Amino acid sequence: MIQIDSGFKREMFDGQMTVFQVGDSGDAAYVIETGCVEVLVGDAGDLRRIALLSEGSMFGEVALLDHQPRTATVRTLVPTSLIRIDRAHVEELLGRSDPVIQYLLRLLLERFRNSSGKALASVDLNSQETLTPLDSTPVIDLHGAAVRTLSLAHDLSNAIDSNQLELFYQPIVLMDNKALAGFEALIRWRHPNLGMVSPDEFIPLAEKTGLIHRIGQWVLKQACTDWHDLRPLCQHNPAHPPFMSINLSAPELCGPGIVESIQACLNEHHMQANEMRIELTETIVISNVEAISAALGQLRAMGVGIALDDFGTGYAGLSYLQTLPFSCIKIDKAFVQQMHSSQRSFQIIKSALELSRMLGLTTVAEGIEDEPTGTALAAMGCTYAQGYHYARPMPVAAIGSWITTFGKTALTE
Ligand code: C2E
Ligand code: CA
Ligand code: CA
């Protein structure tokens with residue numbers, strides 16, 4: 001047996017051999033690479049062939065997915081090479097897939113088993129029918145997750161028109177004097193029944209359903225509108241002009257017209273291009289480098305700042321710093337929060353700061369929750385600080401009173 005990777009292995013069978021038999025546990029599915037197999041049903045003494053499968057066919061997938069014992073026996077007829085797909089690998093992939101897809105798959109498998117080969121009935125996600133759990137995952141949780149996803153997707157399409165979206169702003173301060181330098185705009189959804197829904201939940205949904213374009217336009221417009229009130233609160237510092245940071249998703253940046261709509265928004269709200277900074281995560285950059293490089297080049301040429309968000313989490317940030325016109329690196333909070341407990345995190349931050357200095361980029365450390373972390377990062381030369389230690393994201397109306405309390409202590413330090 002040759003190991004190909006953790007999930008796929010090649011198994012060789014010489015001549016007539018049993019791959020699995022009725023009653024075995026379904027811990028793998030197989031693809032026939034070369035050779036052929038027969039599929040048999042019935043008891044040991046009375047086996048009937050129901051199929052003959054050759055190169056490229058797959059078998060064993062149903063028991064693998066529903067964790068029930070095998071209902072057929074499979075034998076190789078000639079020397080045969082099979083690619084074995086382990087259950088653990090498939091479950092890892094499934095676990096990362098959409099809950100709606102997972103739920104539909106489970107319903108289909110259940111009906112396939114129950115129908116014993118009869119035609120599958122149609123699947124109705126609204127039916128609250130009780131399914132026998134197919135494995136340790138409680139089916140009702142999966143049903144709940146699937147219904148929540150579908151219902152959120154539906155509600156999200158009304159959220160903009162019903163004024164349920166809000167922008168919160170998290171202050172970003174200069175490391176050396178704690179002066180207010182800018183803000184990151186962070187979206188909030190106040191759902192009428194569910195309360196606050198996290199952007200970590202609804203932004204991926206918006207990306208999948210295409211709603212992200214409307215939401216992105218709303219964010220852009222709202223942030224530029226609020227900048228009128230927020231800009232005068234920032235410290236006047238020619239070396240570090242005040243800025244508003246906005247998060248952009250991959251479909252927004254890759255779609256047509258993004259440069260034009262940013263330009264139009266800047267014009268409409270009399271905002272300088274260098275007062276706007278867009279934030280892109282490493283994952284967006286890595287998977288769309290060709291599609292985004294033209295748009296980034298144009299935005300940078302206009303003077304808009306471009307920050308590489310969550311730096312260090314995508315493993316490929318360094319190479320893109322060379323080819324794409326970033327002006328800023330945001331060090332991910334996972335590293336910042338572990339810099340005192342993990343030597344590795346500390347070294348990653350140190351290298352990122354040195355690299356930024358060499359490339360002439362500014363740096364923001366996000367997720368700073370205590371004074372020692374802020375002091376250490378300031379001593380290491382990081383430009384800006386962001387985190388709960390200074391301020392949480394808040395509505396525009398709350399910024400004034402934050403300045404009064406925070407300003408009395410930090411701004412005058
Ligand atoms: P992000 O861009 O990495 O934003 C930073 C997240 O860290 C925010 O979570 C912020 O509230 C949180 N944070 C800030 N300081 C601290 C701290 O000291 N400790 C901890 N534990 N967390 C801190 P939030 O607001 O829930 O946003 C989550 C993500 O949703 C954002 O991550 C961003 O990727 C996405 N997002 C938010 N608003 C927008 C938007 O308008 N458009 C798009 N496309 N994505 C958005
Ligand atoms: Ca961000
Ligand atoms: Ca981030």
# chains A, B, ... in the order shown; residues from 1 in each chain; ligands from 1
$ select_by_dssp --residues "segment 139-201 of chain A" --states "alpha helix (DSSP H)" --output "number ranges by chain"
A: 139-159, 199-201
$ residues_around --residues "Thr375 of chain A" --least-positions-apart "6" --cutoff "12 Å" --atoms "only C-alpha atoms" --output "mmCIF file with all heavy atoms, in the first residue's frame"
data_model
loop_
_atom_site.group_PDB
_atom_site.id
_atom_site.type_symbol
_atom_site.label_atom_id
_atom_site.label_comp_id
_atom_site.auth_asym_id
_atom_site.auth_seq_id
_atom_site.Cartn_x
_atom_site.Cartn_y
_atom_site.Cartn_z
ATOM 1 N N LEU A 174 -2.346 56.065 17.643
ATOM 2 C CA LEU A 174 -0.909 56.012 17.374
ATOM 3 C C LEU A 174 -0.220 55.389 18.589
ATOM 4 O O LEU A 174 -0.528 55.736 19.727
ATOM 5 C CB LEU A 174 -0.373 57.426 17.148
ATOM 6 C CG LEU A 174 -0.288 57.889 15.708
ATOM 7 C CD1 LEU A 174 0.055 59.373 15.657
ATOM 8 C CD2 LEU A 174 0.740 57.083 14.912
ATOM 9 N N MET A 175 0.728 54.486 18.320
ATOM 10 C CA MET A 175 1.401 53.790 19.420
ATOM 11 C C MET A 175 2.163 54.758 20.333
ATOM 12 O O MET A 175 2.130 54.617 21.545
ATOM 13 C CB MET A 175 2.428 52.794 18.853
ATOM 14 C CG MET A 175 1.871 51.474 18.482
ATOM 15 S SD MET A 175 1.557 50.465 19.930
ATOM 16 C CE MET A 175 0.959 48.977 19.133
ATOM 17 N N ASP A 176 2.860 55.729 19.719
ATOM 18 C CA ASP A 176 3.788 56.486 20.567
ATOM 19 C C ASP A 176 3.108 57.504 21.482
ATOM 20 O O ASP A 176 3.537 57.703 22.608
ATOM 21 C CB ASP A 176 4.938 57.097 19.746
ATOM 22 C CG ASP A 176 4.453 57.882 18.555
ATOM 23 O OD1 ASP A 176 3.229 58.107 18.465
ATOM 24 O OD2 ASP A 176 5.279 58.270 17.702
ATOM 25 N N ASN A 177 2.014 58.143 21.033
ATOM 26 C CA ASN A 177 1.391 59.128 21.935
ATOM 27 C C ASN A 177 -0.088 58.838 22.222
ATOM 28 O O ASN A 177 -0.753 59.622 22.872
ATOM 29 C CB ASN A 177 1.545 60.546 21.367
ATOM 30 C CG ASN A 177 0.823 60.684 20.030
ATOM 31 O OD1 ASN A 177 0.201 59.725 19.549
ATOM 32 N ND2 ASN A 177 0.893 61.856 19.432
ATOM 33 N N LYS A 178 -0.582 57.707 21.742
ATOM 34 C CA LYS A 178 -1.980 57.271 21.947
ATOM 35 C C LYS A 178 -3.002 58.266 21.378
ATOM 36 O O LYS A 178 -4.166 58.290 21.792
ATOM 37 C CB LYS A 178 -2.284 57.010 23.443
ATOM 38 C CG LYS A 178 -1.326 56.039 24.108
ATOM 39 C CD LYS A 178 -1.407 54.651 23.477
ATOM 40 C CE LYS A 178 -0.383 53.677 24.051
ATOM 41 N NZ LYS A 178 1.015 53.966 23.731
ATOM 42 N N VAL A 336 -0.872 38.695 18.431
ATOM 43 C CA VAL A 336 -0.740 39.753 19.444
ATOM 44 C C VAL A 336 -1.102 39.195 20.827
ATOM 45 O O VAL A 336 -0.396 39.431 21.817
ATOM 46 C CB VAL A 336 -1.651 40.949 19.074
ATOM 47 C CG1 VAL A 336 -1.739 41.953 20.204
ATOM 48 C CG2 VAL A 336 -1.146 41.606 17.793
ATOM 49 N N HIS A 340 3.215 37.149 24.578
ATOM 50 C CA HIS A 340 3.953 36.945 25.827
ATOM 51 C C HIS A 340 4.024 35.480 26.234
ATOM 52 O O HIS A 340 4.840 35.101 27.048
ATOM 53 C CB HIS A 340 3.341 37.780 26.959
ATOM 54 C CG HIS A 340 3.538 39.255 26.740
ATOM 55 N ND1 HIS A 340 4.778 39.829 26.589
ATOM 56 C CD2 HIS A 340 2.652 40.269 26.613
ATOM 57 C CE1 HIS A 340 4.650 41.129 26.385
ATOM 58 N NE2 HIS A 340 3.362 41.420 26.386
ATOM 59 N N ALA A 365 -1.238 46.811 15.099
ATOM 60 C CA ALA A 365 -1.395 45.568 15.876
ATOM 61 C C ALA A 365 -2.832 45.546 16.359
ATOM 62 O O ALA A 365 -3.279 46.492 17.021
ATOM 63 C CB ALA A 365 -0.431 45.543 17.042
ATOM 64 N N ILE A 368 -5.256 44.220 20.906
ATOM 65 C CA ILE A 368 -4.496 44.528 22.138
ATOM 66 C C ILE A 368 -5.500 44.676 23.291
ATOM 67 O O ILE A 368 -6.384 45.523 23.240
ATOM 68 C CB ILE A 368 -3.674 45.829 21.977
ATOM 69 C CG1 ILE A 368 -2.713 45.685 20.804
ATOM 70 C CG2 ILE A 368 -2.932 46.156 23.278
ATOM 71 C CD1 ILE A 368 -1.926 46.942 20.480
ATOM 72 N N GLU A 369 -5.347 43.828 24.285
ATOM 73 C CA GLU A 369 -6.327 43.834 25.383
ATOM 74 C C GLU A 369 -5.736 44.270 26.711
ATOM 75 O O GLU A 369 -6.456 44.365 27.705
ATOM 76 C CB GLU A 369 -6.967 42.442 25.517
ATOM 77 C CG GLU A 369 -7.814 42.085 24.301
ATOM 78 C CD GLU A 369 -8.619 40.799 24.467
ATOM 79 O OE1 GLU A 369 -8.524 40.156 25.515
ATOM 80 O OE2 GLU A 369 -9.340 40.452 23.511
ATOM 81 N N GLY A 381 8.312 49.116 17.791
ATOM 82 C CA GLY A 381 8.221 49.995 16.624
ATOM 83 C C GLY A 381 6.944 49.887 15.814
ATOM 84 O O GLY A 381 6.889 50.361 14.672
ATOM 85 N N CYS A 382 5.901 49.282 16.359
ATOM 86 C CA CYS A 382 4.624 49.197 15.636
ATOM 87 C C CYS A 382 4.006 50.605 15.555
ATOM 88 O O CYS A 382 4.109 51.386 16.500
ATOM 89 C CB CYS A 382 3.711 48.237 16.393
ATOM 90 S SG CYS A 382 2.174 47.920 15.555
ATOM 91 N N THR A 383 3.385 50.935 14.419
ATOM 92 C CA THR A 383 2.877 52.307 14.243
ATOM 93 C C THR A 383 1.567 52.567 14.997
ATOM 94 O O THR A 383 1.432 53.581 15.687
ATOM 95 C CB THR A 383 2.606 52.594 12.733
ATOM 96 O OG1 THR A 383 3.487 51.832 11.924
ATOM 97 C CG2 THR A 383 2.723 54.064 12.427
ATOM 98 N N TYR A 384 0.593 51.678 14.834
ATOM 99 C CA TYR A 384 -0.748 51.931 15.383
ATOM 100 C C TYR A 384 -1.202 50.790 16.302
ATOM 101 O O TYR A 384 -0.786 49.640 16.123
ATOM 102 C CB TYR A 384 -1.786 52.030 14.258
ATOM 103 C CG TYR A 384 -1.565 53.143 13.267
ATOM 104 C CD1 TYR A 384 -1.049 52.861 12.001
ATOM 105 C CD2 TYR A 384 -1.901 54.462 13.575
ATOM 106 C CE1 TYR A 384 -0.873 53.873 11.060
ATOM 107 C CE2 TYR A 384 -1.724 55.474 12.632
ATOM 108 C CZ TYR A 384 -1.204 55.175 11.384
ATOM 109 O OH TYR A 384 -1.030 56.169 10.465
ATOM 110 N N ALA A 385 -2.103 51.133 17.221
ATOM 111 C CA ALA A 385 -2.658 50.136 18.144
ATOM 112 C C ALA A 385 -4.179 50.095 18.019
ATOM 113 O O ALA A 385 -4.824 51.144 17.876
ATOM 114 C CB ALA A 385 -2.278 50.497 19.575
ATOM 115 N N HIS A 389 -8.332 47.165 24.798
ATOM 116 C CA HIS A 389 -7.638 47.941 25.831
ATOM 117 C C HIS A 389 -7.852 49.451 25.618
ATOM 118 O O HIS A 389 -7.906 50.221 26.574
ATOM 119 C CB HIS A 389 -6.146 47.614 25.819
ATOM 120 C CG HIS A 389 -5.352 48.447 26.776
ATOM 121 N ND1 HIS A 389 -5.590 48.434 28.146
ATOM 122 C CD2 HIS A 389 -4.357 49.354 26.579
ATOM 123 C CE1 HIS A 389 -4.766 49.277 28.738
ATOM 124 N NE2 HIS A 389 -4.010 49.851 27.816
#
$ atom_distance --atom1 "atom CA of Arg300 of chain A" --atom2 "atom 34 (O, counted along the ligand's line) of ligand 1"
21.0 Å
$ residues_around --residues "segment 322-326 of chain A" --least-positions-apart "4" --cutoff "10 Å" --atoms "only C-alpha atoms" --output "VMD selection string"
chain A and resid 278 to 280 285 289 292 to 294 296 to 301 305 to 308 317 to 318 359 to 362
$ residues_around --residues "His213 of chain A" --least-positions-apart "3" --cutoff "8 Å" --atoms "only C-alpha atoms" --output "JSON, numbers by chain"
{"A": [210, 216, 217, 251, 252]}
$ atom_distance --atom1 "atom CA of Ala391 of chain A" --atom2 "atom 41 (O, counted along the ligand's line) of ligand 1"
18.1 Å
$ closest_residue --among "A:Gln235, A:Phe346, A:Ile215, A:Arg188" --to "Asp161 of chain A" --atoms "only C-alpha atoms"
A:Ile215
$ residues_near_ligand --ligand "ligand 2" --cutoff "9 Å" --atoms "only C-alpha atoms and all ligand atoms" --output "NGL selection string"
:A and (184-186 or 245-248 or 278-281 or 307-310 or 330 or 366)
$ write_last_selection --atoms "N, CA, C and O atoms" --output "PDB file, in the first residue's frame"
ATOM      1  N   GLU A 184     -11.643  51.745  12.337  1.00  0.00           N
ATOM      2  CA  GLU A 184     -12.038  50.658  11.448  1.00  0.00           C
ATOM      3  C   GLU A 184     -13.564  50.542  11.523  1.00  0.00           C
ATOM      4  O   GLU A 184     -14.136  50.465  12.617  1.00  0.00           O
ATOM      5  N   ALA A 185     -14.204  50.557  10.342  1.00  0.00           N
ATOM      6  CA  ALA A 185     -15.670  50.401  10.281  1.00  0.00           C
ATOM      7  C   ALA A 185     -16.000  48.916  10.349  1.00  0.00           C
ATOM      8  O   ALA A 185     -15.474  48.122   9.568  1.00  0.00           O
ATOM      9  N   LEU A 186     -16.854  48.527  11.305  1.00  0.00           N
ATOM     10  CA  LEU A 186     -17.216  47.108  11.480  1.00  0.00           C
ATOM     11  C   LEU A 186     -18.739  46.994  11.463  1.00  0.00           C
ATOM     12  O   LEU A 186     -19.425  47.659  12.250  1.00  0.00           O
ATOM     13  N   SER A 245     -10.813  52.974   7.909  1.00  0.00           N
ATOM     14  CA  SER A 245     -10.518  51.669   7.327  1.00  0.00           C
ATOM     15  C   SER A 245     -11.812  50.919   7.056  1.00  0.00           C
ATOM     16  O   SER A 245     -12.691  50.867   7.923  1.00  0.00           O
ATOM     17  N   ILE A 246     -11.912  50.328   5.872  1.00  0.00           N
ATOM     18  CA  ILE A 246     -13.126  49.590   5.476  1.00  0.00           C
ATOM     19  C   ILE A 246     -12.726  48.195   5.008  1.00  0.00           C
ATOM     20  O   ILE A 246     -11.754  48.047   4.256  1.00  0.00           O
ATOM     21  N   ASN A 247     -13.445  47.187   5.491  1.00  0.00           N
ATOM     22  CA  ASN A 247     -13.155  45.808   5.077  1.00  0.00           C
ATOM     23  C   ASN A 247     -13.840  45.495   3.754  1.00  0.00           C
ATOM     24  O   ASN A 247     -15.024  45.789   3.585  1.00  0.00           O
ATOM     25  N   LEU A 248     -13.094  44.914   2.837  1.00  0.00           N
ATOM     26  CA  LEU A 248     -13.704  44.488   1.569  1.00  0.00           C
ATOM     27  C   LEU A 248     -13.583  42.971   1.436  1.00  0.00           C
ATOM     28  O   LEU A 248     -12.569  42.386   1.802  1.00  0.00           O
ATOM     29  N   ILE A 278      -8.499  50.546   2.604  1.00  0.00           N
ATOM     30  CA  ILE A 278      -9.283  49.313   2.518  1.00  0.00           C
ATOM     31  C   ILE A 278      -8.473  48.158   3.117  1.00  0.00           C
ATOM     32  O   ILE A 278      -7.249  48.141   3.038  1.00  0.00           O
ATOM     33  N   GLU A 279      -9.185  47.241   3.770  1.00  0.00           N
ATOM     34  CA  GLU A 279      -8.533  46.104   4.418  1.00  0.00           C
ATOM     35  C   GLU A 279      -8.923  44.824   3.689  1.00  0.00           C
ATOM     36  O   GLU A 279     -10.101  44.557   3.458  1.00  0.00           O
ATOM     37  N   LEU A 280      -7.895  44.054   3.345  1.00  0.00           N
ATOM     38  CA  LEU A 280      -8.116  42.772   2.668  1.00  0.00           C
ATOM     39  C   LEU A 280      -7.407  41.698   3.456  1.00  0.00           C
ATOM     40  O   LEU A 280      -6.269  41.887   3.863  1.00  0.00           O
ATOM     41  N   THR A 281      -8.063  40.564   3.636  1.00  0.00           N
ATOM     42  CA  THR A 281      -7.386  39.501   4.377  1.00  0.00           C
ATOM     43  C   THR A 281      -6.422  38.753   3.448  1.00  0.00           C
ATOM     44  O   THR A 281      -6.579  38.778   2.227  1.00  0.00           O
ATOM     45  N   ALA A 307      -4.496  47.905   3.261  1.00  0.00           N
ATOM     46  CA  ALA A 307      -3.921  47.165   4.389  1.00  0.00           C
ATOM     47  C   ALA A 307      -4.090  45.669   4.183  1.00  0.00           C
ATOM     48  O   ALA A 307      -5.145  45.207   3.737  1.00  0.00           O
ATOM     49  N   LEU A 308      -3.035  44.926   4.492  1.00  0.00           N
ATOM     50  CA  LEU A 308      -3.125  43.465   4.479  1.00  0.00           C
ATOM     51  C   LEU A 308      -3.557  43.043   5.885  1.00  0.00           C
ATOM     52  O   LEU A 308      -2.810  43.177   6.855  1.00  0.00           O
ATOM     53  N   ASP A 309      -4.827  42.574   5.960  1.00  0.00           N
ATOM     54  CA  ASP A 309      -5.454  42.264   7.251  1.00  0.00           C
ATOM     55  C   ASP A 309      -5.064  40.851   7.696  1.00  0.00           C
ATOM     56  O   ASP A 309      -4.716  40.013   6.869  1.00  0.00           O
ATOM     57  N   ASP A 310      -5.164  40.605   8.993  1.00  0.00           N
ATOM     58  CA  ASP A 310      -4.906  39.270   9.555  1.00  0.00           C
ATOM     59  C   ASP A 310      -3.551  38.734   9.114  1.00  0.00           C
ATOM     60  O   ASP A 310      -3.395  37.542   8.822  1.00  0.00           O
ATOM     61  N   LYS A 330      -1.667  44.676   8.953  1.00  0.00           N
ATOM     62  CA  LYS A 330      -2.342  44.532  10.249  1.00  0.00           C
ATOM     63  C   LYS A 330      -1.970  43.175  10.833  1.00  0.00           C
ATOM     64  O   LYS A 330      -2.284  42.133  10.230  1.00  0.00           O
ATOM     65  N   GLU A 366      -3.583  44.506  16.018  1.00  0.00           N
ATOM     66  CA  GLU A 366      -4.989  44.455  16.447  1.00  0.00           C
ATOM     67  C   GLU A 366      -5.165  43.462  17.590  1.00  0.00           C
ATOM     68  O   GLU A 366      -4.322  42.589  17.816  1.00  0.00           O
TER      69      GLU A 366
END
$ residues_around --residues "segment 23-30 of chain A" --least-positions-apart "4" --cutoff "12 Å" --atoms "only C-alpha atoms" --output "ChimeraX atom specification"
/A:7-12,18-19,34,36-37,41-44,53-74,76,80-91
$ write_last_selection --atoms "N, CA and C atoms" --output "compact mmCIF listing (two decimals), in the first residue's frame"
# COMPACT_ATOMS: atom_id res chain seq x y z
N GLY A 7 -5.65 11.40 3.49
CA GLY A 7 -7.01 10.97 3.21
C GLY A 7 -7.13 9.95 2.08
N PHE A 8 -6.16 9.89 1.18
CA PHE A 8 -6.27 9.01 0.00
C PHE A 8 -5.09 8.05 0.00
N LYS A 9 -5.39 6.74 -0.16
CA LYS A 9 -4.30 5.75 -0.21
C LYS A 9 -4.57 4.83 -1.38
N ARG A 10 -3.50 4.34 -2.02
CA ARG A 10 -3.69 3.38 -3.10
C ARG A 10 -3.55 1.97 -2.52
N GLU A 11 -4.50 1.10 -2.84
CA GLU A 11 -4.42 -0.29 -2.39
C GLU A 11 -4.42 -1.20 -3.60
N MET A 12 -3.51 -2.18 -3.61
CA MET A 12 -3.40 -3.09 -4.74
C MET A 12 -4.03 -4.44 -4.37
N THR A 18 -11.63 -10.13 -1.76
CA THR A 18 -12.76 -9.37 -1.22
C THR A 18 -12.28 -8.03 -0.69
N VAL A 19 -12.92 -6.95 -1.13
CA VAL A 19 -12.57 -5.61 -0.62
C VAL A 19 -13.31 -5.37 0.69
N THR A 34 -7.39 1.09 -11.69
CA THR A 34 -7.29 0.13 -12.81
C THR A 34 -7.94 -1.17 -12.36
N CYS A 36 -11.19 -4.13 -12.23
CA CYS A 36 -12.64 -4.08 -12.07
C CYS A 36 -13.10 -4.89 -10.87
N VAL A 37 -14.30 -4.58 -10.39
CA VAL A 37 -14.86 -5.27 -9.22
C VAL A 37 -16.29 -5.69 -9.53
N VAL A 41 -24.96 -8.98 -3.62
CA VAL A 41 -25.84 -8.88 -2.45
C VAL A 41 -26.35 -10.27 -2.11
N GLY A 42 -26.86 -10.40 -0.87
CA GLY A 42 -27.38 -11.69 -0.43
C GLY A 42 -26.52 -12.28 0.67
N ASP A 43 -26.94 -13.47 1.15
CA ASP A 43 -26.19 -14.13 2.22
C ASP A 43 -24.98 -14.84 1.66
N ALA A 44 -24.10 -15.25 2.58
CA ALA A 44 -22.84 -15.86 2.17
C ALA A 44 -23.02 -16.97 1.14
N LEU A 53 -18.22 -3.10 -11.92
CA LEU A 53 -17.71 -1.72 -12.03
C LEU A 53 -16.27 -1.73 -12.53
N SER A 54 -15.96 -0.76 -13.39
CA SER A 54 -14.58 -0.71 -13.92
C SER A 54 -13.96 0.66 -13.63
N GLU A 55 -12.82 0.90 -14.26
CA GLU A 55 -12.01 2.11 -14.02
C GLU A 55 -12.82 3.39 -13.88
N GLY A 56 -12.54 4.15 -12.88
CA GLY A 56 -13.19 5.45 -12.69
C GLY A 56 -14.43 5.38 -11.81
N SER A 57 -15.00 4.16 -11.59
CA SER A 57 -16.21 4.07 -10.77
C SER A 57 -15.85 4.19 -9.28
N MET A 58 -16.84 4.63 -8.51
CA MET A 58 -16.66 4.70 -7.06
C MET A 58 -17.62 3.73 -6.39
N PHE A 59 -17.21 3.13 -5.28
CA PHE A 59 -18.14 2.29 -4.51
C PHE A 59 -17.81 2.43 -3.03
N GLY A 60 -18.80 2.06 -2.21
CA GLY A 60 -18.61 2.09 -0.75
C GLY A 60 -18.94 3.42 -0.12
N GLU A 61 -19.49 4.37 -0.92
CA GLU A 61 -19.68 5.73 -0.40
C GLU A 61 -20.88 5.86 0.55
N VAL A 62 -21.92 5.02 0.33
CA VAL A 62 -23.13 5.20 1.15
C VAL A 62 -22.85 4.84 2.61
N ALA A 63 -22.24 3.68 2.83
CA ALA A 63 -21.95 3.27 4.22
C ALA A 63 -20.94 4.21 4.86
N LEU A 64 -20.04 4.75 4.03
CA LEU A 64 -19.07 5.69 4.58
C LEU A 64 -19.76 6.96 5.10
N LEU A 65 -20.76 7.40 4.34
CA LEU A 65 -21.41 8.67 4.71
C LEU A 65 -22.42 8.49 5.84
N ASP A 66 -23.14 7.33 5.87
CA ASP A 66 -24.19 7.25 6.88
C ASP A 66 -23.81 6.37 8.08
N HIS A 67 -22.58 5.85 8.08
CA HIS A 67 -22.07 5.10 9.24
C HIS A 67 -22.84 3.80 9.50
N GLN A 68 -23.60 3.31 8.54
CA GLN A 68 -24.31 2.04 8.71
C GLN A 68 -23.41 0.90 8.16
N PRO A 69 -23.69 -0.37 8.53
CA PRO A 69 -22.87 -1.47 8.00
C PRO A 69 -23.05 -1.62 6.48
N ARG A 70 -22.10 -2.24 5.84
CA ARG A 70 -22.18 -2.48 4.39
C ARG A 70 -23.39 -3.35 4.05
N THR A 71 -24.04 -3.04 2.92
CA THR A 71 -25.19 -3.85 2.50
C THR A 71 -24.83 -4.73 1.31
N ALA A 72 -23.59 -4.62 0.84
CA ALA A 72 -23.16 -5.42 -0.31
C ALA A 72 -21.75 -5.93 -0.06
N THR A 73 -21.37 -6.93 -0.84
CA THR A 73 -19.99 -7.44 -0.81
C THR A 73 -19.34 -7.00 -2.12
N VAL A 74 -18.08 -6.60 -2.04
CA VAL A 74 -17.38 -6.19 -3.27
C VAL A 74 -16.12 -7.04 -3.41
N THR A 76 -12.71 -7.99 -6.09
CA THR A 76 -11.97 -7.71 -7.33
C THR A 76 -11.96 -8.98 -8.18
N THR A 80 -6.25 -5.41 -9.41
CA THR A 80 -6.98 -4.13 -9.36
C THR A 80 -6.30 -3.15 -8.43
N SER A 81 -6.27 -1.89 -8.84
CA SER A 81 -5.70 -0.84 -8.00
C SER A 81 -6.84 0.09 -7.58
N LEU A 82 -6.98 0.26 -6.27
CA LEU A 82 -8.07 1.10 -5.74
C LEU A 82 -7.51 2.28 -4.99
N ILE A 83 -8.14 3.44 -5.13
CA ILE A 83 -7.77 4.59 -4.29
C ILE A 83 -8.77 4.61 -3.15
N ARG A 84 -8.23 4.46 -1.95
CA ARG A 84 -9.08 4.39 -0.75
C ARG A 84 -9.27 5.80 -0.18
N ILE A 85 -10.52 6.16 0.10
CA ILE A 85 -10.82 7.49 0.68
C ILE A 85 -11.32 7.26 2.10
N ASP A 86 -10.52 7.65 3.07
CA ASP A 86 -10.87 7.38 4.46
C ASP A 86 -12.02 8.25 4.96
N ARG A 87 -12.79 7.66 5.87
CA ARG A 87 -13.93 8.39 6.44
C ARG A 87 -13.49 9.69 7.12
N ALA A 88 -12.38 9.64 7.86
CA ALA A 88 -11.95 10.82 8.62
C ALA A 88 -11.73 12.00 7.67
N HIS A 89 -11.17 11.70 6.51
CA HIS A 89 -10.88 12.77 5.55
C HIS A 89 -12.17 13.37 5.00
N VAL A 90 -13.12 12.48 4.65
CA VAL A 90 -14.39 12.95 4.10
C VAL A 90 -15.14 13.77 5.15
N GLU A 91 -15.09 13.30 6.40
CA GLU A 91 -15.83 14.02 7.45
C GLU A 91 -15.24 15.39 7.71
$ residues_around --residues "Leu233 of chain A" --least-positions-apart "4" --cutoff "9 Å" --atoms "only C-alpha atoms" --output "list in words"
Leu180, Ala181, Gly182, Asp229, Ile399, Gly400 and Ile403 of chain A
$ write_last_selection --atoms "C-alpha atoms" --output "compact mmCIF listing (two decimals), in the first residue's frame"
# COMPACT_ATOMS: atom_id res chain seq x y z
CA LEU A 180 -6.63 59.04 17.86
CA ALA A 181 -5.44 58.34 14.32
CA GLY A 182 -8.40 56.66 12.63
CA ASP A 229 -18.36 63.70 12.01
CA ILE A 399 -17.27 58.11 20.14
CA GLY A 400 -17.50 61.58 21.69
CA ILE A 403 -12.78 60.51 23.66
$ closest_residue --among "A:Leu266, A:Ile32, A:Met17, A:Val100" --to "Arg75 of chain A" --atoms "only C-alpha atoms"
A:Met17
$ atom_distance --atom1 "atom CA of Gly312 of chain A" --atom2 "atom 45 (N, counted along the ligand's line) of ligand 1"
18.3 Å
$ select_by_dssp --residues "segment 65-100 of chain A" --states "strand (DSSP E)" --output "ChimeraX atom specification"
/A:73-76,80-86
$ residues_around --residues "Asp226 of chain A" --least-positions-apart "5" --cutoff "9 Å" --atoms "only C-alpha atoms" --output "JSON, numbers by chain"
{"A": [221, 231, 396]}
$ write_last_selection --atoms "N, CA, C and O atoms" --output "PDB file, in the first residue's frame"
ATOM      1  N   LYS A 221     -20.854  53.791   1.671  1.00  0.00           N
ATOM      2  CA  LYS A 221     -21.589  55.054   1.720  1.00  0.00           C
ATOM      3  C   LYS A 221     -21.723  55.542   3.166  1.00  0.00           C
ATOM      4  O   LYS A 221     -21.494  56.716   3.467  1.00  0.00           O
ATOM      5  N   ARG A 231     -13.916  62.631  11.380  1.00  0.00           N
ATOM      6  CA  ARG A 231     -12.616  63.186  11.013  1.00  0.00           C
ATOM      7  C   ARG A 231     -12.131  64.259  11.991  1.00  0.00           C
ATOM      8  O   ARG A 231     -10.965  64.235  12.417  1.00  0.00           O
ATOM      9  N   VAL A 396     -21.388  55.549  16.177  1.00  0.00           N
ATOM     10  CA  VAL A 396     -20.761  56.858  15.986  1.00  0.00           C
ATOM     11  C   VAL A 396     -21.110  57.818  17.145  1.00  0.00           C
ATOM     12  O   VAL A 396     -20.265  58.596  17.600  1.00  0.00           O
TER      13      VAL A 396
END
$ closest_residue --among "A:Gln102, A:Gln386, A:Ser157, A:Thr149" --to "Asp370 of chain A" --atoms "only C-alpha atoms"
A:Gln386
